[in-house]
$ cat data-v4.csv   # CSV, C-alpha atoms
chain,number,residue,atom,x,y,z
A,1,MET,CA,-5.0,-26.6,-2.8
A,2,THR,CA,-2.1,-27.2,-0.4
A,3,LEU,CA,0.3,-24.6,0.9
A,4,ARG,CA,3.1,-26.2,-1.2
A,5,SER,CA,1.1,-26.1,-4.4
A,6,ASP,CA,0.0,-22.5,-3.7
A,7,VAL,CA,3.6,-21.3,-3.2
A,8,ALA,CA,4.9,-23.3,-6.2
A,9,GLU,CA,2.1,-21.9,-8.4
A,10,LEU,CA,2.7,-18.3,-7.3
A,11,LEU,CA,6.4,-18.6,-7.9
A,12,ALA,CA,5.9,-20.2,-11.3
A,13,GLU,CA,3.4,-17.5,-12.4
A,14,ALA,CA,5.9,-14.8,-11.4
A,15,ASP,CA,8.7,-16.6,-13.2
A,16,ILE,CA,10.8,-16.9,-10.0
A,17,ASP,CA,12.8,-20.1,-10.0
A,18,ASP,CA,15.5,-19.4,-7.4
A,19,VAL,CA,13.3,-20.0,-4.3
A,20,ASP,CA,13.4,-23.4,-2.5
A,21,VAL,CA,9.7,-24.2,-2.3
A,22,ASP,CA,10.2,-26.7,0.5
A,23,GLU,CA,12.1,-24.1,2.5
A,24,ALA,CA,9.4,-21.5,1.9
A,25,VAL,CA,6.7,-24.0,3.0
A,26,ALA,CA,8.6,-24.8,6.2
A,27,ASP,CA,9.5,-21.3,7.2
A,28,GLU,CA,6.9,-18.5,7.3
A,29,HIS,CA,9.6,-15.8,7.0
A,30,ALA,CA,11.0,-17.4,3.8
A,31,ARG,CA,7.4,-17.7,2.5
A,32,THR,CA,6.6,-14.1,3.2
A,33,SER,CA,9.9,-13.1,1.4
A,34,ALA,CA,8.8,-15.2,-1.5
A,35,TYR,CA,5.4,-13.6,-1.5
A,36,LEU,CA,6.9,-10.1,-1.6
A,37,ARG,CA,9.0,-11.1,-4.6
A,38,VAL,CA,5.8,-12.5,-6.3
A,39,VAL,CA,3.9,-9.2,-5.5
A,40,SER,CA,6.8,-7.1,-6.9
A,41,ALA,CA,6.9,-9.1,-10.1
A,42,ALA,CA,3.1,-8.8,-10.4
A,43,ALA,CA,3.1,-5.1,-9.8
A,44,SER,CA,5.7,-4.5,-12.5
A,45,SER,CA,3.4,-6.2,-15.1
A,46,PRO,CA,1.1,-3.9,-17.1
A,47,SER,CA,-1.8,-6.4,-16.6
A,48,ARG,CA,-3.8,-6.4,-13.5
A,49,ASP,CA,-5.9,-9.5,-14.6
A,50,ARG,CA,-4.3,-11.9,-12.1
A,51,ASP,CA,-4.1,-9.7,-9.0
A,52,ARG,CA,-7.3,-10.9,-7.4
A,53,ALA,CA,-6.4,-14.6,-7.9
A,54,MET,CA,-2.9,-13.9,-6.5
A,55,VAL,CA,-4.3,-12.2,-3.4
A,56,ALA,CA,-6.8,-15.1,-2.9
A,57,THR,CA,-3.9,-17.6,-3.0
A,58,ILE,CA,-1.7,-15.6,-0.7
A,59,ARG,CA,-4.6,-15.0,1.7
A,60,ARG,CA,-5.0,-18.8,2.2
A,61,ASP,CA,-1.6,-18.9,3.9
A,62,PRO,CA,-1.9,-20.2,7.5
A,63,HIS,CA,0.4,-17.4,8.7
A,64,GLU,CA,-2.0,-14.6,8.0
A,65,MET,CA,0.4,-11.8,9.1
A,66,GLY,CA,2.8,-12.7,6.3
A,67,ALA,CA,-0.1,-12.7,3.9
A,68,LYS,CA,-1.2,-9.3,5.1
A,69,VAL,CA,2.3,-7.9,4.6
A,70,ALA,CA,2.3,-9.2,1.0
A,71,VAL,CA,-1.1,-7.7,0.2
A,72,VAL,CA,-0.2,-4.4,1.7
A,73,ALA,CA,3.0,-4.4,-0.4
A,74,LEU,CA,0.9,-5.0,-3.5
A,75,VAL,CA,-1.5,-2.2,-2.6
A,76,ASP,CA,1.4,0.2,-2.1
A,77,GLU,CA,3.1,-0.7,-5.4
A,78,ILE,CA,-0.1,-0.4,-7.4
A,79,ALA,CA,-1.0,2.9,-5.8
A,80,ARG,CA,2.4,4.4,-6.5
A,81,LYS,CA,2.0,3.5,-10.2
A,82,ALA,CA,-1.7,4.5,-10.5
A,83,THR,CA,-2.5,7.2,-13.0
A,84,GLY,CA,-5.3,8.5,-10.8
A,85,SER,CA,-7.7,7.8,-8.0
A,86,ALA,CA,-10.4,6.4,-10.3
A,87,GLU,CA,-8.1,3.8,-11.7
A,88,PHE,CA,-6.9,2.8,-8.2
A,89,ARG,CA,-10.4,2.7,-6.8
A,90,GLN,CA,-11.5,0.3,-9.6
A,91,TRP,CA,-8.5,-1.9,-9.0
A,92,SER,CA,-8.9,-2.0,-5.2
A,93,ASP,CA,-12.7,-2.6,-5.4
A,94,GLU,CA,-11.9,-5.8,-7.3
A,95,LEU,CA,-9.7,-6.9,-4.3
A,96,LEU,CA,-12.1,-6.1,-1.5
A,97,PRO,CA,-13.9,-9.5,-1.6
A,98,GLU,CA,-10.6,-11.2,-1.1
A,99,ILE,CA,-9.6,-8.8,1.6
A,100,ALA,CA,-12.9,-9.5,3.4
A,101,ARG,CA,-11.9,-13.1,3.7
A,102,PHE,CA,-8.9,-12.5,6.0
A,103,ARG,CA,-9.7,-14.2,9.3
A,104,VAL,CA,-8.4,-11.4,11.5
A,105,GLU,CA,-10.5,-8.3,11.5
A,106,GLY,CA,-7.4,-6.2,12.3
A,107,HIS,CA,-5.8,-7.4,9.0
A,108,ARG,CA,-8.9,-6.6,7.0
A,109,ALA,CA,-9.2,-3.2,8.6
A,110,PHE,CA,-5.5,-2.4,8.1
A,111,ILE,CA,-5.6,-3.2,4.4
A,112,ARG,CA,-8.9,-1.2,3.9
A,113,ARG,CA,-7.3,1.7,5.7
A,114,ARG,CA,-4.2,1.6,3.5
A,115,ILE,CA,-6.5,1.6,0.4
A,116,HIS,CA,-8.3,4.6,1.9
A,117,ASP,CA,-5.0,6.4,2.5
A,118,TRP,CA,-3.9,5.9,-1.1
A,119,LEU,CA,-7.2,7.0,-2.5
A,120,PHE,CA,-6.8,10.2,-0.4
A,121,TYR,CA,-3.2,10.7,-1.6
A,122,LEU,CA,-4.1,10.2,-5.3
A,123,SER,CA,-6.9,12.7,-5.1
A,124,VAL,CA,-4.5,15.2,-3.5
A,125,ARG,CA,-1.9,14.4,-6.2
A,126,ASP,CA,-4.7,15.1,-8.8
A,127,GLY,CA,-5.2,18.6,-7.3
A,128,HIS,CA,-7.7,18.2,-4.5
A,129,VAL,CA,-6.8,20.4,-1.5
A,130,PRO,CA,-8.2,18.6,1.5
A,131,THR,CA,-10.0,20.1,4.5
A,132,PRO,CA,-8.6,19.6,8.0
A,133,ALA,CA,-11.5,17.2,8.6
A,134,GLU,CA,-10.5,15.1,5.5
A,135,LEU,CA,-6.9,15.2,6.7
A,136,ALA,CA,-7.9,13.9,10.1
A,137,GLU,CA,-9.5,10.8,8.4
A,138,VAL,CA,-6.1,9.5,7.1
A,139,THR,CA,-3.4,7.8,9.1
A,140,ALA,CA,-0.4,9.6,10.5
A,141,TRP,CA,1.7,7.5,8.0
A,142,MET,CA,-0.2,9.0,5.1
A,143,GLN,CA,0.1,12.5,6.5
A,144,ARG,CA,3.8,12.1,6.8
A,145,PHE,CA,4.0,10.6,3.3
A,146,LEU,CA,2.1,13.7,2.0
A,147,ALA,CA,4.4,16.0,3.9
A,148,GLU,CA,7.4,14.4,2.3
A,149,ALA,CA,6.0,14.1,-1.2
A,150,SER,CA,3.6,17.0,-1.9
A,151,THR,CA,4.6,20.0,-3.8
A,152,SER,CA,1.4,21.9,-3.2
A,153,PRO,CA,1.9,25.0,-1.0
A,154,ALA,CA,-1.8,24.7,0.2
A,155,VAL,CA,-1.4,21.0,1.1
A,156,LEU,CA,1.9,21.7,2.9
A,157,ALA,CA,0.4,24.6,4.8
A,158,LEU,CA,-2.5,22.4,5.8
A,159,LEU,CA,-0.2,19.7,7.0
A,160,ALA,CA,2.0,22.2,8.9
A,161,GLU,CA,-1.1,23.4,10.7
A,162,SER,CA,-3.2,20.2,11.1
A,163,ALA,CA,-1.1,17.1,10.8
A,164,THR,CA,-1.5,14.6,13.7
A,165,THR,CA,2.2,14.5,14.8
A,166,ARG,CA,4.6,17.3,15.5
A,167,LYS,CA,7.2,15.6,13.3
A,168,THR,CA,4.9,15.7,10.3
A,169,ARG,CA,3.9,19.3,11.0
A,170,ASN,CA,7.6,20.3,11.1
A,171,ILE,CA,8.4,18.4,7.8
A,172,ALA,CA,5.6,20.2,6.0
A,173,ARG,CA,6.5,23.6,7.6
A,174,ASN,CA,10.2,23.2,6.6
A,175,ARG,CA,9.4,22.1,3.1
A,176,ASN,CA,7.0,25.0,2.6
A,177,ILE,CA,9.6,27.4,3.9
A,178,ALA,CA,12.2,26.0,1.6
A,179,ARG,CA,9.8,26.2,-1.3
A,180,ASN,CA,9.0,29.8,-0.5
A,181,ARG,CA,12.7,30.7,-0.4
A,182,SER,CA,13.8,29.0,-3.5
A,183,GLY,CA,10.6,29.0,-5.5
A,184,SER,CA,10.6,25.2,-5.7
A,185,LEU,CA,10.9,22.3,-3.4
A,186,PRO,CA,14.2,20.5,-2.9
A,187,ARG,CA,14.0,16.8,-3.8
$ encode --input "data-v4.csv" --output "structure tokens"
Amino acid sequence: MTLRSDVAELLAEADIDDVDVDEAVADEHARTSAYLRVVSAAASSPSRDRDRAMVATIRRDPHEMGAKVAVVALVDEIARKATGSAEFRQWSDELLPEIARFRVEGHRAFIRRRIHDWLFYLSVRDGHVPTPAELAEVTAWMQRFLAEASTSPAVLALLAESATTRKTRNIARNRNIARNRSGSLPR
């Protein structure tokens, strides 16, 4: 496969016809933008059957940073739509062989870490109250995401006490205070 045929195939499968394939092939930024559109279209589909093949195609891009950005966007979109951690774990396990083929270890590690963060979030959303040690195993990004999204008083209290950054601790503390005053969280 050539880069041109890969880009053209991804766009055709996503039913995106307003991207200039030659421009996308010539410009890594245009290509990354096209990949993000492809990923968004794929994530909105109820079927997950083509995700691994799509990631394999994107991963072959010579500009690996752009490929990583697109794969992380896919992980984020699927995680946000997942009904639970078991569903997301099964989906992400199917992608791990493709993620392992990224040439740069930092890209592989970043994507695996993002998957770990989302699995943690989904377990918390399903009612698990993490320990401080478990909280310390997720990124500052996920801690902040939880502080902004969680409605659990126990999770907010844990974040207010144990989050990595002061900003996240303050967000959690303020949301918990607002919840205690009004009986529910502002959103």
$ closest_residue --input "data-v4.csv" --among "A:Val124, A:Ile171, A:Val7, A:Val55" --to "Val19 (chain A)" --atoms "all atoms listed in the file"
A:Val7
$ residues_near_point --input "data-v4.csv" --point "(10.4, -12.0, -5.1)" --cutoff "12 Å" --atoms "all atoms listed in the file" --output "ChimeraX atom specification"
/A:7,10-19,24,30-44,70,73-74
$ residues_around --input "data-v4.csv" --residues "Arg173 (chain A)" --least-positions-apart "3" --cutoff "12 Å" --atoms "only C-alpha atoms" --output "list in words"
Arg144, Ala147, Glu148, Ser150, Pro153, Ala154, Val155, Leu156, Ala157, Leu158, Leu159, Ala160, Glu161, Ser162, Ala163, Arg166, Lys167, Thr168, Arg169, Asn170, Asn176, Ile177, Ala178, Arg179, Asn180 and Leu185 of chain A
$ closest_residue --input "data-v4.csv" --among "A:Leu95, A:Leu146, A:Val72, A:Val25" --to "Ala172 (chain A)" --atoms "all atoms listed in the file"
A:Leu146
$ residues_around --input "data-v4.csv" --residues "Arg52 (chain A)" --least-positions-apart "6" --cutoff "10 Å" --atoms "all atoms listed in the file" --output "ChimeraX atom specification"
/A:58,91-92,94-99
$ residues_near_point --input "data-v4.csv" --point "(-6.5, -3.0, 9.0)" --cutoff "12 Å" --atoms "all atoms listed in the file" --output "PyMOL selection string"
chain A and resi 65+68-69+71-72+99-100+102-117+139
$ atom_distance --input "data-v4.csv" --atom1 "CA of Asp49 (chain A)" --atom2 "CA of His29 (chain A)"
27.3 Å
$ atom_distance --input "data-v4.csv" --atom1 "CA of Asp126 (chain A)" --atom2 "CA of Ser85 (chain A)"
7.9 Å
$ closest_residue --input "data-v4.csv" --among "A:Glu134, A:Ser45, A:Gly66, A:Tyr121" --to "Arg89 (chain A)" --atoms "all atoms listed in the file"
A:Tyr121
$ build_atoms --input "data-v4.csv" --residues "region 21-32 of chain A" --atoms "all heavy atoms" --output "tab-separated table (two decimals), in the coordinates of the input"
chain	number	residue	atom	x	y	z
A	21	VAL	N	11.06	-24.09	-2.71
A	21	VAL	CA	9.70	-24.20	-2.30
A	21	VAL	C	9.51	-24.89	-0.99
A	21	VAL	O	8.73	-24.45	-0.12
A	21	VAL	CB	8.82	-24.88	-3.42
A	21	VAL	CG1	7.38	-25.09	-2.96
A	21	VAL	CG2	8.85	-24.06	-4.70
A	22	ASP	N	10.26	-25.97	-0.79
A	22	ASP	CA	10.20	-26.70	0.50
A	22	ASP	C	10.58	-25.83	1.67
A	22	ASP	O	9.95	-25.86	2.72
A	22	ASP	CB	10.99	-27.99	0.43
A	22	ASP	CG	10.41	-29.00	-0.54
A	22	ASP	OD1	9.15	-29.05	-0.65
A	22	ASP	OD2	11.17	-29.71	-1.19
A	23	GLU	N	11.62	-25.05	1.48
A	23	GLU	CA	12.10	-24.10	2.50
A	23	GLU	C	10.99	-23.08	2.81
A	23	GLU	O	10.69	-22.75	3.97
A	23	GLU	CB	13.38	-23.46	2.18
A	23	GLU	CG	13.87	-22.49	3.24
A	23	GLU	CD	15.12	-21.73	2.83
A	23	GLU	OE1	15.80	-22.13	1.86
A	23	GLU	OE2	15.42	-20.72	3.49
A	24	ALA	N	10.40	-22.54	1.74
A	24	ALA	CA	9.40	-21.50	1.90
A	24	ALA	C	8.15	-22.09	2.63
A	24	ALA	O	7.55	-21.42	3.47
A	24	ALA	CB	8.96	-20.96	0.54
A	25	VAL	N	7.79	-23.32	2.33
A	25	VAL	CA	6.70	-24.00	3.00
A	25	VAL	C	6.96	-24.17	4.48
A	25	VAL	O	6.10	-23.97	5.34
A	25	VAL	CB	6.27	-25.28	2.30
A	25	VAL	CG1	5.28	-26.07	3.13
A	25	VAL	CG2	5.72	-25.00	0.91
A	26	ALA	N	8.20	-24.52	4.79
A	26	ALA	CA	8.60	-24.80	6.20
A	26	ALA	C	8.80	-23.59	7.03
A	26	ALA	O	8.68	-23.65	8.25
A	26	ALA	CB	9.85	-25.69	6.18
A	27	ASP	N	9.12	-22.46	6.41
A	27	ASP	CA	9.50	-21.30	7.20
A	27	ASP	C	8.65	-20.08	6.73
A	27	ASP	O	8.74	-19.61	5.60
A	27	ASP	CB	10.99	-20.97	6.90
A	27	ASP	CG	11.50	-19.73	7.61
A	27	ASP	OD1	10.71	-19.02	8.27
A	27	ASP	OD2	12.71	-19.47	7.50
A	28	GLU	N	7.83	-19.58	7.64
A	28	GLU	CA	6.90	-18.50	7.30
A	28	GLU	C	7.65	-17.22	6.87
A	28	GLU	O	7.14	-16.46	6.04
A	28	GLU	CB	5.99	-18.17	8.49
A	28	GLU	CG	6.72	-17.65	9.72
A	28	GLU	CD	5.88	-17.69	10.98
A	28	GLU	OE1	5.15	-18.67	11.19
A	28	GLU	OE2	5.97	-16.72	11.74
A	29	HIS	N	8.85	-16.99	7.37
A	29	HIS	CA	9.60	-15.80	7.00
A	29	HIS	C	10.11	-15.95	5.53
A	29	HIS	O	10.04	-14.99	4.74
A	29	HIS	CB	10.79	-15.56	7.92
A	29	HIS	CG	10.33	-15.33	9.32
A	29	HIS	ND1	9.67	-14.21	9.72
A	29	HIS	CD2	10.42	-16.13	10.43
A	29	HIS	CE1	9.36	-14.29	11.01
A	29	HIS	NE2	9.81	-15.45	11.46
A	30	ALA	N	10.59	-17.13	5.17
A	30	ALA	CA	11.00	-17.40	3.80
A	30	ALA	C	9.81	-17.29	2.85
A	30	ALA	O	9.92	-16.78	1.73
A	30	ALA	CB	11.66	-18.77	3.70
A	31	ARG	N	8.66	-17.76	3.31
A	31	ARG	CA	7.40	-17.70	2.50
A	31	ARG	C	7.01	-16.25	2.29
A	31	ARG	O	6.68	-15.85	1.17
A	31	ARG	CB	6.34	-18.52	3.17
A	31	ARG	CG	5.27	-18.95	2.25
A	31	ARG	CD	4.41	-20.06	2.83
A	31	ARG	NE	3.86	-19.80	4.15
A	31	ARG	CZ	4.25	-20.39	5.28
A	31	ARG	NH1	5.21	-21.29	5.26
A	31	ARG	NH2	3.68	-20.11	6.43
A	32	THR	N	7.02	-15.47	3.35
A	32	THR	CA	6.60	-14.10	3.20
A	32	THR	C	7.60	-13.35	2.25
A	32	THR	O	7.16	-12.55	1.41
A	32	THR	CB	6.63	-13.35	4.58
A	32	THR	OG1	5.66	-14.00	5.42
A	32	THR	CG2	6.27	-11.88	4.46
